[in-house]
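Okay, so here's the structure we're looking at.
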Amino acid sequence: MTDITIFLGPPGAGKGTQAEKISEKFNIPHISTGVMLREHVENETELGLVAKEILNKGNLVSDELVTSMLIERLENDDCEKGAILDGFPRTITQAESLNIEGLNIKTVILFEVNETELIKRMVERGREDDTEESIKVRLDVYRDETLPLIKFYDDKDVLKTVDAFGDIDEIFNHISGLIKT
Ligand code: AMP
């Protein structure tokens, strides 16, 4: 059985940073669909060519494409015991696609950060898709498409909320505690 931990939260909330640290501590793979998609873009694969413009604008790549990429990744041997998902699911359709035999959605960590801080962090990060227009689109997309997942997972009693504004190590300790239980 693969125990899945999901990091849920708006862009710029620090999910990637924390997932990296948690992955190291608990020795479970960190799977970021954003990182995977950016690799496809860089390598100019078929998927990358489709995804490039979408990523730059801050929109979502189609559920079908992201889900098949993710499921394929989860079939790797290193995910036998568990995985941390960072940036997936982002829609209810994606969340429902995780309802497959062998996967157990164990914990969903919701990262809470106010919008002013998010924008500041993304501007500072300066990734190629961190333009003013794309940041605005990504925050709108988060509100419209991803926020419904909070209720979706709360109804399943797996949602845990973390105040993700503040010291990286404190946030890390908080998340570590939530994952252990
Ligand atoms: P991230 O690194 O998680 O901020 O993702 C960067 C970009 O990749 C997003 O703005 C989307 O364009 C795309 N992306 C990442 N994960 C997903 C997903 N689960 N569904 C659709 N698009 C995604």
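Chain labels A, B, ... are given in the sequence in which chains occur in the structure tokens; within each chain residues are numbered consecutively from 1, and ligands are likewise numbered from 1 in the order shown.
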
Write out as a ChimeraX atom specification each polymer residue (protein, DNA or RNA) that has an atom no more than 9 Å from ligand 1, with only C-alpha atoms and all ligand atoms counted. /A:10-12,15-16,32-38,51-63,65-67,70,86-91,94,129,134-135,137-138,141

Do you know which residues are at most 8 Å from Ala19 in chain A counting only C-alpha atoms, after dropping those on the same chain fewer than 5 positions away, and could you put them as a list in words?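 Residues near the query, excluding close chain neighbours: Phe7, His30, Ile84 and Asp86 of chain A.
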
Using C-alpha atoms, can you write the selected residues to a file as an mmCIF file, in the first residue's frame?
data_model
loop_
_atom_site.group_PDB
_atom_site.id
_atom_site.type_symbol
_atom_site.label_atom_id
_atom_site.label_comp_id
_atom_site.auth_asym_id
_atom_site.auth_seq_id
_atom_site.Cartn_x
_atom_site.Cartn_y
_atom_site.Cartn_z
ATOM 1 C CA PHE A 7 0.898 19.231 0.189
ATOM 2 C CA HIS A 30 9.010 14.133 -3.283
ATOM 3 C CA ILE A 84 4.745 13.239 -1.036
ATOM 4 C CA ASP A 86 3.480 18.668 -4.169
#

Neighbour list for Gly102 in chain A as a short mmCIF file (atom, residue, chain, number, x, y, z; two decimals) with N, CA, C and O atoms, in the first residue's frame, cut-off 9 Å, only C-alpha atoms, skip fewer than 3 positions in-chain:
data_model
loop_
_atom_site.label_atom_id
_atom_site.label_comp_id
_atom_site.auth_asym_id
_atom_site.auth_seq_id
_atom_site.Cartn_x
_atom_site.Cartn_y
_atom_site.Cartn_z
N MET A 1 0.84 -1.21 0.00
CA MET A 1 0.00 0.00 0.00
C MET A 1 0.87 1.25 0.00
O MET A 1 1.80 1.37 0.78
N THR A 2 0.59 2.17 -0.90
CA THR A 2 1.35 3.42 -0.97
C THR A 2 0.62 4.51 -0.18
O THR A 2 -0.47 4.91 -0.53
N ASP A 3 1.26 4.95 0.91
CA ASP A 3 0.68 6.04 1.71
C ASP A 3 1.03 7.37 1.07
O ASP A 3 2.21 7.72 0.96
#

Which is closest to Thr107 in chain A among A:Asn27, A:Thr146, A:Thr131, A:Thr5, if we use only C-alpha atoms? A:Thr5

Please give the complete set of residues from chain A that DSSP, run on the backbone, assigns to strand (DSSP E), formatted as a PyMOL selection string. chain A and resi 2-8+30-32+82-86+103-112+159-163

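With only C-alpha atoms as the basis for measurement, A:Ile31 is the residue among A:Glu96, A:Asp140, A:Leu110, A:Ile31 that approaches Asp78 in chain A most closely.
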
Just checking: using only C-alpha atoms, which residue out of A:Glu124, A:Glu112, A:Glu80, A:Asp169 ends up closest to Ile4 in chain A? A:Glu80

At a cut-off of 10 Å, using only C-alpha atoms, what residues contact Ile175 in chain A? Leave out same-chain residues fewer than 4 positions from it and give the result as JSON, numbers by chain. {"A": [18, 19, 22, 109, 110, 111, 160, 161, 162, 163, 164, 169, 170, 171, 179, 180]}

Filtering to C-alpha atoms, could you give me those residues as an mmCIF file, in the first residue's frame?
data_model
loop_
_atom_site.group_PDB
_atom_site.id
_atom_site.type_symbol
_atom_site.label_atom_id
_atom_site.label_comp_id
_atom_site.auth_asym_id
_atom_site.auth_seq_id
_atom_site.Cartn_x
_atom_site.Cartn_y
_atom_site.Cartn_z
ATOM 1 C CA GLN A 18 9.117 21.778 2.853
ATOM 2 C CA ALA A 19 8.482 18.717 0.670
ATOM 3 C CA ILE A 22 10.278 16.086 4.639
ATOM 4 C CA ILE A 109 -1.289 19.278 4.707
ATOM 5 C CA LEU A 110 -2.865 22.632 3.913
ATOM 6 C CA PHE A 111 -0.358 25.507 3.757
ATOM 7 C CA LYS A 160 -4.405 19.213 8.598
ATOM 8 C CA THR A 161 -3.669 22.922 8.452
ATOM 9 C CA VAL A 162 -0.274 24.541 8.914
ATOM 10 C CA ASP A 163 0.458 28.235 9.344
ATOM 11 C CA ALA A 164 3.079 28.532 6.627
ATOM 12 C CA ASP A 169 12.416 25.219 10.540
ATOM 13 C CA GLU A 170 9.413 25.847 12.773
ATOM 14 C CA ILE A 171 7.052 25.054 9.918
ATOM 15 C CA ILE A 179 3.115 13.338 9.404
ATOM 16 C CA LYS A 180 4.367 11.061 12.189
#

Would you work out the distance separating CA of Val123 in chain A from CA of His174 in chain A, expressed in Å to one decimal?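 About the pair CA of Val123 in chain A and CA of His174 in chain A: they are 26.1 Å apart.
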
Leu49 in chain A surroundings by only C-alpha atoms, 8 Å radius, close-in-sequence under 5 positions cut, as an NGL selection string: :A and (40-41 or 44)

Using N, CA and C atoms, can you write the selected residues to a file as a CSV table (one decimal), in the first residue's frame?
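Dumped to result32.csv:
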chain,number,residue,atom,x,y,z
A,40,HIS,N,9.9,18.5,-18.7
A,40,HIS,CA,9.4,18.2,-20.0
A,40,HIS,C,9.6,19.4,-21.0
A,41,VAL,N,9.3,20.6,-20.4
A,41,VAL,CA,9.5,21.8,-21.3
A,41,VAL,C,10.9,22.0,-21.7
A,44,GLU,N,12.0,19.6,-24.2
A,44,GLU,CA,11.2,19.7,-25.5
A,44,GLU,C,10.6,18.4,-25.9

Using only C-alpha atoms for the distances, tell me which of A:Leu8, A:Thr17, A:Met69, A:Asn76 is nearest to Pro29 in chain A. A:Asn76

What's the separation between CA of Glu24 in chain A and CA of Leu147 in chain A, in Å to one decimal place?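 Computing the Euclidean distance for CA of Glu24 in chain A and CA of Leu147 in chain A yields 28.1 Å.
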
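Nearest-residue note for Ala13 in chain A: choosing from A:Ile92, A:Leu118, A:Val158, A:Ala83, the minimum distance belongs to A:Leu118, counting only C-alpha atoms.
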
Distance of CA of Leu149 in chain A from CA of Gly82 in chain A, expressed in Å to one decimal place: 20.8 Å

Pull the helix (DSSP H, G or I) assignments for chain A out of DSSP run on the backbone, and list those residues as number ranges by chain. A: 15-26, 33-42, 46-57, 63-74, 77-79, 92-97, 115-125, 132-146, 148-154, 168-180
